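The file start.txt contains compact mmCIF, C-alpha atoms and all ligand atoms:
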```
# COMPACT_ATOMS: atom_id res chain seq x y z
CA MET Y 1 -21.91 1.93 -2.49
CA ASP Y 2 -19.13 3.24 -4.70
CA VAL Y 3 -15.53 2.85 -3.71
CA ALA Y 4 -14.88 6.58 -3.10
CA LYS Y 5 -17.80 6.83 -0.64
CA VAL Y 6 -16.68 3.75 1.28
CA TYR Y 7 -13.14 5.11 1.64
CA ASP Y 8 -14.48 8.57 2.54
CA LYS Y 9 -16.28 6.96 5.46
CA VAL Y 10 -13.34 4.92 6.72
CA SER Y 11 -10.58 7.43 5.94
CA GLU Y 12 -9.87 8.53 9.50
CA ALA Y 13 -9.96 5.00 10.91
CA TYR Y 14 -7.84 3.79 7.99
CA SER Y 15 -5.07 6.29 8.61
CA GLU Y 16 -5.13 5.65 12.36
CA PHE Y 17 -5.03 1.86 11.89
CA TYR Y 18 -2.17 1.68 9.39
CA ASN Y 19 -0.04 4.11 11.36
CA ASN Y 20 -0.47 2.26 14.66
CA ASP Y 21 -1.07 -1.43 14.10
CA ILE Y 22 2.12 -3.23 15.09
CA TYR Y 23 1.91 -5.89 12.38
CA SER Y 24 1.12 -3.40 9.59
CA ILE Y 25 3.94 -1.10 10.65
CA GLU Y 26 6.46 -3.92 10.45
CA GLU Y 27 5.05 -5.08 7.12
CA ASP Y 28 5.28 -1.52 5.77
CA ARG Y 29 8.85 -1.27 7.05
CA LEU Y 30 9.66 -4.33 4.97
CA ILE Y 31 7.89 -2.80 1.96
CA ALA Y 32 10.07 0.29 2.44
CA GLN Y 33 13.18 -1.91 2.37
CA LEU Y 34 11.99 -3.69 -0.77
CA LEU Y 35 11.33 -0.33 -2.42
CA MET Y 36 14.75 0.97 -1.38
CA SER Y 37 16.52 -2.04 -2.84
CA ARG Y 38 15.02 -1.11 -6.22
CA MET Y 39 15.12 2.65 -5.91
CA PRO Y 40 16.04 4.24 -9.24
CA THR Y 41 18.63 6.98 -9.19
CA ALA Y 42 17.47 10.51 -9.86
CA PRO Y 43 20.09 12.45 -11.78
CA ASP Y 44 18.48 15.80 -10.88
CA GLY Y 45 18.20 15.27 -7.13
CA ALA Y 46 14.95 14.15 -5.57
CA ILE Y 47 13.43 10.85 -6.70
CA ARG Y 48 10.08 11.68 -8.28
CA ILE Y 49 7.37 9.33 -7.02
CA ALA Y 50 3.78 8.96 -8.18
CA ASP Y 51 1.53 7.06 -5.76
CA LEU Y 52 -1.69 5.97 -7.50
CA GLY Y 53 -4.56 5.47 -5.05
CA CYS Y 54 -2.35 6.88 -2.30
CA GLY Y 55 -5.04 6.69 0.38
CA ALA Y 56 -3.92 8.63 3.45
CA GLY Y 57 -0.41 8.80 1.99
CA TRP Y 58 2.26 6.20 2.65
CA PRO Y 59 2.05 5.01 6.23
CA ARG Y 60 4.61 7.13 8.05
CA VAL Y 61 7.08 4.29 8.50
CA ILE Y 62 7.57 3.98 4.71
CA TRP Y 63 8.29 7.70 4.27
CA ASP Y 64 10.59 7.81 7.31
CA GLU Y 65 12.62 4.76 6.26
CA ILE Y 66 13.12 5.89 2.68
CA SER Y 67 13.55 9.62 3.20
CA ALA Y 68 16.31 8.94 5.76
CA SER Y 69 18.62 8.07 2.84
CA HIS Y 70 16.94 9.53 -0.28
CA ALA Y 71 15.65 12.94 -1.29
CA LEU Y 72 12.04 12.42 -2.40
CA HIS Y 73 9.35 14.27 -4.23
CA TYR Y 74 6.10 12.45 -3.54
CA ASP Y 75 2.90 13.05 -5.57
CA GLY Y 76 -0.21 11.15 -4.50
CA CYS Y 77 -3.67 10.95 -5.99
CA ASP Y 78 -6.78 9.20 -4.75
CA ILE Y 79 -10.43 9.07 -5.75
CA SER Y 80 -11.59 9.62 -2.14
CA ASP Y 81 -11.71 13.20 -0.81
CA GLY Y 82 -11.63 11.82 2.72
CA MET Y 83 -8.40 9.93 2.06
CA ILE Y 84 -6.83 13.03 0.46
CA GLU Y 85 -7.78 15.07 3.53
CA GLN Y 86 -5.98 12.53 5.71
CA ALA Y 87 -2.92 12.64 3.44
CA ASN Y 88 -2.87 16.45 3.54
CA GLU Y 89 -2.93 16.31 7.31
CA ALA Y 90 -0.32 13.57 7.68
CA TYR Y 91 2.10 15.18 5.23
CA ALA Y 92 1.56 18.86 6.06
CA PRO Y 93 5.26 19.50 6.86
CA GLU Y 94 6.47 17.81 3.65
CA MET Y 95 3.87 19.72 1.62
CA THR Y 96 4.97 23.03 3.11
CA ALA Y 97 8.56 22.15 2.27
CA GLY Y 98 7.53 21.34 -1.32
CA HIS Y 99 8.37 17.62 -1.03
CA ALA Y 100 4.84 16.23 -1.31
CA ALA Y 101 1.55 17.06 -3.02
CA PHE Y 102 -1.81 15.28 -3.08
CA ARG Y 103 -4.86 15.63 -5.30
CA GLN Y 104 -8.26 14.05 -5.55
CA ALA Y 105 -8.29 12.22 -8.88
CA ASP Y 106 -9.42 9.00 -10.51
CA ILE Y 107 -6.48 7.06 -11.90
CA ARG Y 108 -8.61 5.89 -14.81
CA THR Y 109 -8.55 9.44 -16.20
CA ALA Y 110 -5.95 11.43 -14.26
CA LEU Y 111 -2.76 10.23 -15.91
CA SER Y 112 -3.37 11.48 -19.44
CA ASN Y 113 -2.40 15.06 -18.52
CA VAL Y 114 0.89 14.03 -16.92
CA PRO Y 115 3.90 14.67 -19.20
CA ALA Y 116 5.90 11.65 -20.38
CA SER Y 117 8.86 10.50 -18.21
CA SER Y 118 7.72 12.61 -15.24
CA TYR Y 119 8.49 9.96 -12.60
CA ASP Y 120 11.34 7.70 -11.48
CA LEU Y 121 9.05 5.49 -9.41
CA VAL Y 122 5.35 4.73 -9.80
CA VAL Y 123 3.75 2.84 -6.91
CA SER Y 124 0.32 1.71 -5.95
CA LEU Y 125 0.27 -0.21 -2.69
CA HIS Y 126 -2.27 -2.43 -1.00
CA GLY Y 127 -4.77 -3.58 -3.54
CA VAL Y 128 -5.77 -0.34 -5.28
CA PHE Y 129 -5.66 -2.01 -8.70
CA SER Y 130 -8.06 -4.70 -7.46
CA HIS Y 131 -10.72 -1.98 -7.15
CA LEU Y 132 -10.59 -1.44 -10.93
CA ARG Y 133 -12.26 -3.61 -13.54
CA HIS Y 134 -9.83 -5.96 -15.23
CA GLU Y 135 -10.53 -4.40 -18.64
CA GLU Y 136 -9.71 -0.92 -17.26
CA LEU Y 137 -6.13 -1.89 -16.48
CA PRO Y 138 -4.40 -2.05 -19.90
CA PRO Y 139 -4.87 1.68 -20.69
CA ILE Y 140 -3.72 2.57 -17.15
CA MET Y 141 -0.65 0.34 -17.53
CA ALA Y 142 0.12 2.07 -20.84
CA GLU Y 143 -0.07 5.47 -19.10
CA ILE Y 144 2.21 4.25 -16.31
CA GLN Y 145 4.75 3.13 -18.88
CA ARG Y 146 4.52 6.58 -20.51
CA ILE Y 147 4.85 8.69 -17.35
CA LEU Y 148 7.75 6.58 -16.01
CA ARG Y 149 11.17 7.53 -17.28
CA PRO Y 150 13.12 4.76 -19.09
CA GLY Y 151 14.76 2.60 -16.43
CA GLY Y 152 12.20 3.72 -13.82
CA THR Y 153 10.60 1.34 -11.34
CA CYS Y 154 6.96 0.37 -11.05
CA VAL Y 155 5.55 -1.40 -7.99
CA LEU Y 156 1.89 -2.40 -7.92
CA GLY Y 157 -0.16 -4.35 -5.36
CA PHE Y 158 -3.13 -6.63 -6.10
CA TYR Y 159 -5.38 -8.84 -4.01
CA SER Y 160 -4.41 -12.42 -4.65
CA ARG Y 161 -6.78 -14.98 -6.15
CA PHE Y 162 -5.87 -17.70 -3.73
CA ALA Y 163 -5.82 -16.30 -0.23
CA ASP Y 164 -9.32 -16.14 1.10
CA CYS Y 165 -11.16 -16.60 -2.15
CA ARG Y 166 -10.79 -18.47 -5.40
CA ALA Y 167 -13.00 -16.29 -7.56
CA PRO Y 168 -11.70 -13.66 -9.99
CA GLU Y 169 -14.28 -11.27 -8.54
CA HIS Y 170 -14.37 -11.16 -4.79
CA PRO Y 171 -17.22 -9.05 -3.41
CA ARG Y 172 -16.38 -8.84 0.26
CA VAL Y 173 -12.89 -7.44 0.72
CA LEU Y 174 -14.04 -4.00 1.80
CA ASP Y 175 -16.65 -5.42 4.14
CA HIS Y 176 -13.85 -7.28 5.81
CA GLU Y 177 -11.62 -4.19 5.92
CA CYS Y 178 -14.34 -2.04 7.47
CA ARG Y 179 -14.92 -4.62 10.17
CA GLN Y 180 -11.18 -4.76 10.84
CA LEU Y 181 -11.13 -0.96 11.13
CA GLY Y 182 -14.05 -1.13 13.53
CA THR Y 183 -16.00 1.31 11.35
CA ALA Y 184 -19.60 0.53 10.52
CA VAL Y 185 -20.34 1.30 6.87
CA ASP Y 186 -23.72 0.31 5.41
CA ASP Y 187 -23.30 -1.73 2.28
CA ALA Y 188 -19.55 -1.52 2.03
CA THR Y 189 -19.56 -4.25 -0.55
CA VAL Y 190 -17.31 -3.28 -3.42
CA THR Y 191 -16.24 -5.92 -5.85
CA SER Y 192 -12.53 -6.56 -5.83
CA ILE Y 193 -10.77 -8.28 -8.68
CA THR Y 194 -8.23 -10.89 -7.64
CA TYR Y 195 -5.11 -11.93 -9.56
CA THR Y 196 -2.64 -14.76 -9.89
CA ALA Y 197 1.06 -14.01 -10.18
CA ASP Y 198 0.99 -15.10 -13.84
CA GLU Y 199 -1.88 -12.75 -14.64
CA VAL Y 200 0.04 -9.87 -13.08
CA ARG Y 201 3.19 -10.71 -15.06
CA GLN Y 202 1.09 -10.81 -18.22
CA LEU Y 203 -0.44 -7.40 -17.47
CA PHE Y 204 3.02 -5.84 -17.16
CA ALA Y 205 4.37 -7.69 -20.21
CA GLU Y 206 1.54 -6.33 -22.36
CA ALA Y 207 2.55 -2.81 -21.27
CA GLY Y 208 6.20 -3.46 -22.15
CA MET Y 209 7.47 -3.85 -18.57
CA THR Y 210 9.16 -6.88 -17.03
CA VAL Y 211 8.36 -8.03 -13.53
CA ASP Y 212 11.50 -9.08 -11.67
CA THR Y 213 9.87 -10.08 -8.38
CA ILE Y 214 6.44 -11.04 -7.13
CA GLN Y 215 6.25 -10.71 -3.37
CA GLY Y 216 3.29 -12.14 -1.46
CA PHE Y 217 2.11 -10.80 1.89
CA GLY Y 218 -0.24 -12.21 4.49
CA VAL Y 219 0.33 -15.94 4.01
CA GLU Y 220 0.15 -16.92 7.65
CA GLY Y 221 1.03 -13.68 9.39
CA GLY Y 222 -2.17 -12.00 8.24
CA ASP Y 223 -4.16 -14.60 10.19
CA PRO Y 224 -6.24 -12.95 12.97
CA ASP Y 225 -4.85 -15.52 15.41
CA ILE Y 226 -1.34 -14.24 14.80
CA HIS Y 227 -1.95 -10.61 13.83
CA GLY Y 228 -4.89 -10.09 16.24
CA LYS Y 229 -3.01 -11.50 19.21
CA LEU Y 230 0.00 -9.26 18.54
CA VAL Y 231 -2.34 -6.25 18.48
CA GLU Y 232 -4.02 -7.34 21.74
CA ARG Y 233 -0.62 -7.47 23.41
CA GLN Y 234 0.32 -4.11 21.83
CA ASN Y 235 -2.87 -2.51 23.22
CA ALA Y 236 -2.31 -3.96 26.67
CA LEU Y 237 1.26 -2.64 26.76
CA ASP Y 238 0.21 0.77 25.41
CA ALA Y 239 -2.43 1.03 28.16
CA ARG Y 240 0.20 0.22 30.80
CA ASP Y 241 2.56 2.73 29.18
CA GLU Y 242 -0.07 5.47 29.42
CA GLN Y 243 -0.43 4.72 33.11
CA GLY Y 244 3.29 5.35 33.55
CA GLY Y 245 4.53 1.79 32.93
CA GLY Y 246 8.17 2.86 32.89
CA ARG Y 247 11.22 1.02 31.62
CA ALA Y 248 9.90 -2.53 31.93
CA VAL Y 249 6.91 -1.69 29.73
CA ARG Y 250 9.07 0.08 27.16
CA GLU Y 251 11.36 -2.94 26.99
CA ALA Y 252 8.36 -5.24 26.56
CA GLN Y 253 7.11 -2.96 23.75
CA ARG Y 254 10.50 -3.20 22.05
CA ALA Y 255 10.53 -6.99 22.39
CA LEU Y 256 7.02 -7.15 20.92
CA ARG Y 257 8.08 -5.03 17.95
CA ASN Y 258 11.00 -7.40 17.34
CA GLU Y 259 8.65 -10.36 17.54
CA ALA Y 260 6.27 -8.72 15.03
CA ARG Y 261 9.23 -8.02 12.74
CA GLU Y 262 10.35 -11.65 12.84
CA ILE Y 263 6.83 -12.86 12.03
CA VAL Y 264 6.56 -10.40 9.13
CA GLU Y 265 9.95 -11.47 7.76
CA ALA Y 266 9.04 -15.16 7.98
CA ASP Y 267 5.71 -14.38 6.30
CA ALA Y 268 7.47 -12.49 3.52
CA GLN Y 269 9.76 -15.45 2.87
CA LEU Y 270 6.72 -17.69 2.55
CA GLY Y 271 5.08 -15.09 0.35
CA ARG Y 272 8.09 -14.89 -1.94
CA LYS Y 273 8.21 -18.68 -2.38
CA ASN Y 274 4.44 -19.19 -2.52
CA PRO Y 275 2.72 -16.03 -3.77
CA GLU Y 276 -0.32 -18.16 -4.55
CA ARG Y 277 -0.90 -18.56 -0.81
CA ALA Y 278 -0.67 -14.85 -0.05
CA HIS Y 279 -3.54 -12.47 0.65
CA GLU Y 280 -1.93 -9.75 -1.40
CA ILE Y 281 0.76 -9.78 -4.06
CA MET Y 282 3.08 -6.98 -5.02
CA ALA Y 283 4.88 -6.87 -8.35
CA PHE Y 284 8.23 -5.09 -8.80
CA ALA Y 285 8.96 -4.17 -12.40
CA ARG Y 286 11.27 -1.97 -14.44
CA ARG Y 287 10.48 0.10 -17.47
CA LYS Y 288 12.84 -0.69 -20.35
C1 LIG R 1 -6.80 -0.39 0.22
S1 LIG R 1 -6.67 1.35 -0.02
C2 LIG R 1 -4.92 1.55 -0.24
C3 LIG R 1 -4.47 2.96 0.04
C4 LIG R 1 -2.96 3.19 0.00
N1 LIG R 1 -2.40 2.87 -1.30
C5 LIG R 1 -2.24 2.41 1.08
O1 LIG R 1 -1.35 1.61 0.75
O2 LIG R 1 -2.56 2.61 2.26
C6 LIG R 1 -7.29 1.56 -1.67
C7 LIG R 1 -7.33 3.02 -2.13
O3 LIG R 1 -7.59 3.05 -3.54
C8 LIG R 1 -8.35 4.21 -3.81
N2 LIG R 1 -8.98 4.05 -5.14
C9 LIG R 1 -9.85 3.10 -5.53
N3 LIG R 1 -10.18 3.29 -6.83
C10 LIG R 1 -9.49 4.39 -7.26
C11 LIG R 1 -9.42 5.11 -8.50
N4 LIG R 1 -10.13 4.73 -9.57
N5 LIG R 1 -8.62 6.19 -8.59
C12 LIG R 1 -7.91 6.60 -7.50
N6 LIG R 1 -7.95 5.97 -6.30
C13 LIG R 1 -8.73 4.88 -6.18
C14 LIG R 1 -9.33 4.25 -2.64
O4 LIG R 1 -9.97 5.49 -2.47
C15 LIG R 1 -8.40 3.86 -1.48
O5 LIG R 1 -7.82 4.98 -0.88
```

Before we go any further, please render this structure as structure tokens.
Ligand SMILES: C[S@@+](CC[C@H](N)C(=O)[O-])C[C@H]1O[C@@H](n2cnc3c(N)ncnc32)[C@H](O)[C@@H]1O
Amino acid sequence: MDVAKVYDKVSEAYSEFYNNDIYSIEEDRLIAQLLMSRMPTAPDGAIRIADLGCGAGWPRVIWDEISASHALHYDGCDISDGMIEQANEAYAPEMTAGHAAFRQADIRTALSNVPASSYDLVVSLHGVFSHLRHEELPPIMAEIQRILRPGGTCVLGFYSRFADCRAPEHPRVLDHECRQLGTAVDDATVTSITYTADEVRQLFAEAGMTVDTIQGFGVEGGDPDIHGKLVERQNALDARDEQGGGRAVREAQRALRNEAREIVEADAQLGRKNPERAHEIMAFARRK
């Protein structure tokens, strides 16, 4: 099944999962902080962001964290109509205010019409580039370099070669994701291409960009024994909250969030030191 159809089928569950799962929220909060520490200035006001393979739009926590201190203009594109529908729904207020826009588009062809230096920040989070063939990446990297203004920031995520597979082509990532989302999709097998940190650096270097940091995620914290148990406790507390759990439950929820945050931070430290053990790697680069 092609990648757009798989994501069409899981789009609702995907958006729901990444906006509610306690571990993912804390990981995305950390991603927001990493993005903010590299946020380019925008002389004309709002920071212009292109999100390639935006899915359902940034999980809310990323937008909320960054927009609290920066004016943003956020453009997202994704190959899946279903994902774009979710993004339109999630970001309806920002779209009405003219701060966000989404379109269905394939990043292999969509960037050529974008004028040069249109963006201060180009991002693509959570493995989008692993859904593309390796040989498709150089022309996309060249387009990113062109649409970014000089001095702009580029942040791209890739599935790592070493986490749960050692093969350059890993056929089961989406199967795994669909199971995690609890959504049955027949033949959700889409080949994902995995990368080492050195291969990612090389990809950027060939496009004339220098990677300053490779951050790994999901070294130990992504383990179902850690992540899954946090979510079980989150669900149990949420159920008690719905039944009118009161202050004690809300305090327990807060304590659980802090615990999740500490696990995510410890995982990120491991992932920074040992990206080769991470499930996913994210590269932070600057255009010269
Ligand atoms: C793992 S999801 C990540 C979504 C989002 N970036 C996030 O962080 O939640 C991968 C996304 O890449 C999109 N995608 C895959 N190939 C694409 C392509 N050629 N052009 C645009 N989007 C693509 C899929 O539709 C899906 O929404």

Q | Nearby residues, ligand LIG 1 (chain R), 9 Å, all atoms listed in the file, as a PyMOL selection string | A | chain Y and resi 3-8+11+14-15+18+28+51-59+77-84+104-110+123-132+157+174+177

(Q) Taking (11.1, 15.0, -2.9) in the coordinates of the supplied file, I want to know which residues reach to within 12 Å of it, counting all atoms listed in the file; could you give the answer as a ChimeraX atom specification? (A) /Y:42,44-50,63,66-75,94-101,119-121

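Our summary of the geometry notes that CA of Asp267 in chain Y is positioned 28.6 Å from CA of Ala90 in chain Y.
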
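You will find CA of Ala13 in chain Y at 27.3 Å from CA of Phe162 in chain Y.
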
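A straight line drawn from CA of Ile226 in chain Y to CA of Arg240 in chain Y is 21.6 Å long.
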
**Q.** Which of Y:His279, Y:Arg149, Y:Lys9, Y:Arg29 sits closest to Arg261 in chain Y [using only C-alpha atoms]
**A.** Y:Arg29

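Here the question is which of Y:Leu111, Y:Ala278, Y:Ser117, Y:Leu256 gets nearest to Asp223 in chain Y using only C-alpha atoms, and that residue is Y:Ala278.
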
Q. Near Arg38 in chain Y, counting all atoms listed in the file, which residues have an atom at most 9 Å away, once you skip same-chain residues fewer than 5 positions from it, shown as an NGL selection string?
A. :Y and (33 or 153 or 284)

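When all atoms listed in the file are used to compute distances to Asp198 in chain Y, the closest of the residues Y:Val122, Y:Ala283, Y:Leu30, Y:Ala266 turns out to be Y:Ala283.
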
Q: Fewer than 4 positions away in the same chain doesn't count, so skip those; otherwise give me all residues within 12 Å of Glu199 in chain Y, counting only C-alpha atoms, as a list in words.
A: His134, Leu137, Phe158, Tyr159, Ser160, Arg161, Pro168, Ile193, Thr194, Tyr195, Leu203, Phe204, Ala205, Glu206, Val211, Ile214, Glu276, Ile281 and Ala283 of chain Y

Range 125-140 of chain Y, all listed atoms, 4 Å padding on each side: what axis-aligned box centre and edge lengths in Å to one decimal come out, as AutoDock Vina command-line options?
```
--center_x -6.0 --center_y -1.7 --center_z -10.8 --size_x 20.5 --size_y 16.5 --size_z 27.7
```

Q | Closest of Y:Glu242, Y:Met39, Y:Phe102, Y:Asp2 to Ala87 in chain Y - atom-to-atom distances counting all atoms listed in the file | A | Y:Phe102

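Taking all atoms listed in the file into account, Ala260 in chain Y lies nearest to Y:Lys229 out of the set Y:Lys229, Y:Arg133, Y:Arg287, Y:Arg103.
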
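Among the candidates Y:Gly222, Y:Pro40, Y:Gly216, Y:Pro275, the one nearest to Ile263 in chain Y when counting only C-alpha atoms is Y:Gly222.
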